[in-house]
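Below: the structure, in structure tokens.
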Amino acid sequence: MVKKINSKEFEAVKNDGVIVVDFNATWCNPCKMLAPILESVSEKITDVKFYAIDTDQNTELAIKCGVSSIPAVMIFKNGEKVAENIGFVPEDAMMEFVNSNK
């Protein structure tokens, strides 16, 4: 399951081991296409927590995390960004991205 969170909630969960964060926006079509893929991946990779953050509502956090384009999927380990994927990718590529960086 991908849980929608805000900046405050991100600060609370960012140090919880490995997390995957999808930075997106409601108006972004590639973001809308990626959402069900991330939902599917989150059901298959259960040892990682998945979150989604709306960049329009959490602009400062997006800037702080270095989001330059969306969708931006970032993997954090104990609060440190270790990997980033920009743009839409199919499910098999997203599975590989998460598995190789967890």
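Ordered as shown in the structure tokens, chains take letters A, B, and onward, while each chain numbers its residues from 1 and ligands are numbered from 1 in the order shown.
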
**Asked** Which polymer residues have any atom within 9 Å of an atom of stretch 59-62 of chain A, counting only C-alpha atoms, with same-chain residues fewer than 5 positions away left out, as a PyMOL selection string?
**Response** chain A and resi 6-7+10+23+53-54+67-68

Write the residues of the selection above to a file with C-alpha atoms, as a compact mmCIF listing (two decimals), in the first residue's frame.
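Contents of part.txt, as written:
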```txt
# COMPACT_ATOMS: atom_id res chain seq x y z
CA ASN A 6 2.81 15.40 4.04
CA SER A 7 6.08 17.07 5.02
CA PHE A 10 7.79 12.50 6.09
CA PHE A 23 6.83 12.83 -5.39
CA ILE A 53 3.85 13.18 -1.48
CA ASP A 54 2.02 15.87 -3.46
CA VAL A 67 12.90 17.15 -6.87
CA SER A 68 13.51 18.71 -10.28
```

**Request:** Run DSSP on the backbone and give me the residues of chain A it puts in strand (DSSP E), as a count of residues only.
**Result:** 29

**Asked** Quick one: of A:Cys65, A:Ala12, A:Ala83, A:Ala72, who's nearest to A:Ala25, counting only C-alpha atoms?
**Response** A:Ala72

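In terms of minimum interatomic distance to A:Cys31, A:Gly87 ranks closest within A:Asp47, A:Lys14, A:Lys64, A:Gly87, counting only C-alpha atoms.
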
**Asked** Rounded to one decimal in Å, what is the spacing between atom CA of A:Val48 and atom CA of A:Glu84?
**Response**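 Computed distance, atom CA of A:Val48 to atom CA of A:Glu84, equals 15.4 Å.
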
**Distance criterion (only C-alpha atoms): nearest to A:Lys49 out of A:Gly66, A:Pro71, A:Gly79, A:Gly17** = A:Gly17

**Best match for closeness to A:Lys102 among A:Asn78, A:Thr55, A:Thr26, A:Ser40, counting only C-alpha atoms** =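 Going through A:Asn78, A:Thr55, A:Thr26, A:Ser40 one by one, the smallest distance to A:Lys102 is for A:Asn78.
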
**Exercise: A:Val89 partners within 10 Å, only C-alpha atoms, chain neighbours under 6 positions left out, as a PyMOL selection string** = chain A and resi 30+33-34+37-38+71+95+97

Limited to C-alpha atoms, could you put the picked residues into a file as an mmCIF file, in the first residue's frame?
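The file below, selection-v5.cif, is the result:
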```
data_model
loop_
_atom_site.group_PDB
_atom_site.id
_atom_site.type_symbol
_atom_site.label_atom_id
_atom_site.label_comp_id
_atom_site.auth_asym_id
_atom_site.auth_seq_id
_atom_site.Cartn_x
_atom_site.Cartn_y
_atom_site.Cartn_z
ATOM 1 C CA PRO A 30 2.736 10.427 -15.922
ATOM 2 C CA MET A 33 0.025 6.422 -14.765
ATOM 3 C CA LEU A 34 2.743 5.537 -12.241
ATOM 4 C CA ILE A 37 2.306 0.571 -10.724
ATOM 5 C CA LEU A 38 3.691 1.720 -7.378
ATOM 6 C CA PRO A 71 7.122 11.889 -11.041
ATOM 7 C CA MET A 95 10.518 -3.590 -9.280
ATOM 8 C CA PHE A 97 14.792 -0.150 -9.157
#
```

**Request:** Calculate how many Å separate atom CA of A:Phe88 from atom CA of A:Tyr51, rounding to one decimal.
**Result:** 16.4 Å

**Request:** Write down as JSON, numbers by chain the residues of chain A whose backbone DSSP state falls under helix (DSSP H, G or I).
**Result:** {"A": [7, 8, 9, 10, 11, 12, 13, 29, 30, 31, 32, 33, 34, 35, 36, 37, 38, 39, 40, 41, 42, 43, 44, 59, 60, 61, 62, 63, 64, 91, 92, 93, 94, 95, 96, 97, 98, 99, 100, 101]}

Serialized selection, C-alpha atoms, as a PDB file, in the first residue's frame:
```pdb
ATOM      1  CA  SER A   7       6.084  17.074   5.020  1.00  0.00           C
ATOM      2  CA  LYS A   8       5.523  16.623   8.744  1.00  0.00           C
ATOM      3  CA  GLU A   9       4.726  12.938   8.346  1.00  0.00           C
ATOM      4  CA  PHE A  10       7.787  12.497   6.094  1.00  0.00           C
ATOM      5  CA  GLU A  11      10.009  13.811   8.884  1.00  0.00           C
ATOM      6  CA  ALA A  12       8.494  11.191  11.190  1.00  0.00           C
ATOM      7  CA  VAL A  13       8.990   8.220   8.820  1.00  0.00           C
ATOM      8  CA  ASN A  29      -0.437  12.556 -16.232  1.00  0.00           C
ATOM      9  CA  PRO A  30       2.736  10.427 -15.922  1.00  0.00           C
ATOM     10  CA  CYS A  31       2.229  10.574 -12.136  1.00  0.00           C
ATOM     11  CA  LYS A  32      -1.307   9.241 -12.566  1.00  0.00           C
ATOM     12  CA  MET A  33       0.025   6.422 -14.765  1.00  0.00           C
ATOM     13  CA  LEU A  34       2.743   5.537 -12.241  1.00  0.00           C
ATOM     14  CA  ALA A  35       0.435   5.421  -9.181  1.00  0.00           C
ATOM     15  CA  PRO A  36      -1.124   1.976  -9.869  1.00  0.00           C
ATOM     16  CA  ILE A  37       2.306   0.571 -10.724  1.00  0.00           C
ATOM     17  CA  LEU A  38       3.691   1.720  -7.378  1.00  0.00           C
ATOM     18  CA  GLU A  39       0.628   0.287  -5.654  1.00  0.00           C
ATOM     19  CA  SER A  40       1.288  -3.083  -7.303  1.00  0.00           C
ATOM     20  CA  VAL A  41       5.010  -2.978  -6.496  1.00  0.00           C
ATOM     21  CA  SER A  42       4.223  -2.100  -2.861  1.00  0.00           C
ATOM     22  CA  GLU A  43       2.074  -5.236  -2.610  1.00  0.00           C
ATOM     23  CA  LYS A  44       4.910  -7.405  -3.946  1.00  0.00           C
ATOM     24  CA  THR A  59       6.803  22.426  -2.071  1.00  0.00           C
ATOM     25  CA  GLU A  60       9.497  23.068   0.536  1.00  0.00           C
ATOM     26  CA  LEU A  61      10.035  19.339   1.101  1.00  0.00           C
ATOM     27  CA  ALA A  62      10.211  18.708  -2.647  1.00  0.00           C
ATOM     28  CA  ILE A  63      12.893  21.397  -2.985  1.00  0.00           C
ATOM     29  CA  LYS A  64      14.764  20.077   0.063  1.00  0.00           C
ATOM     30  CA  GLU A  91       6.302  -2.183 -13.405  1.00  0.00           C
ATOM     31  CA  ASP A  92       9.223  -4.533 -14.108  1.00  0.00           C
ATOM     32  CA  ALA A  93      11.655  -1.596 -14.189  1.00  0.00           C
ATOM     33  CA  MET A  94      10.209  -0.179 -10.952  1.00  0.00           C
ATOM     34  CA  MET A  95      10.518  -3.590  -9.280  1.00  0.00           C
ATOM     35  CA  GLU A  96      14.179  -3.738 -10.324  1.00  0.00           C
ATOM     36  CA  PHE A  97      14.792  -0.150  -9.157  1.00  0.00           C
ATOM     37  CA  VAL A  98      13.357  -0.823  -5.693  1.00  0.00           C
ATOM     38  CA  ASN A  99      14.906  -4.276  -5.269  1.00  0.00           C
ATOM     39  CA  SER A 100      18.370  -3.105  -6.304  1.00  0.00           C
ATOM     40  CA  ASN A 101      18.354  -0.162  -3.881  1.00  0.00           C
TER      41      ASN A 101
END
```

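Of note, atom CA of A:Asp16 and atom CA of A:Gln57 are spaced 22.8 Å apart.
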
**Request:** Between A:Ile5, A:Val18, A:Cys28, A:Ile86, single out the one closest to A:Thr46, counting only C-alpha atoms.
**Result:**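 That would be A:Val18, the residue with the smallest distance to A:Thr46.
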
**Item:** Pick from A:Asp56, A:Pro90, A:Val20, A:Asn15 nearest to A:Ile70, counting only C-alpha atoms
**Value:** A:Asp56
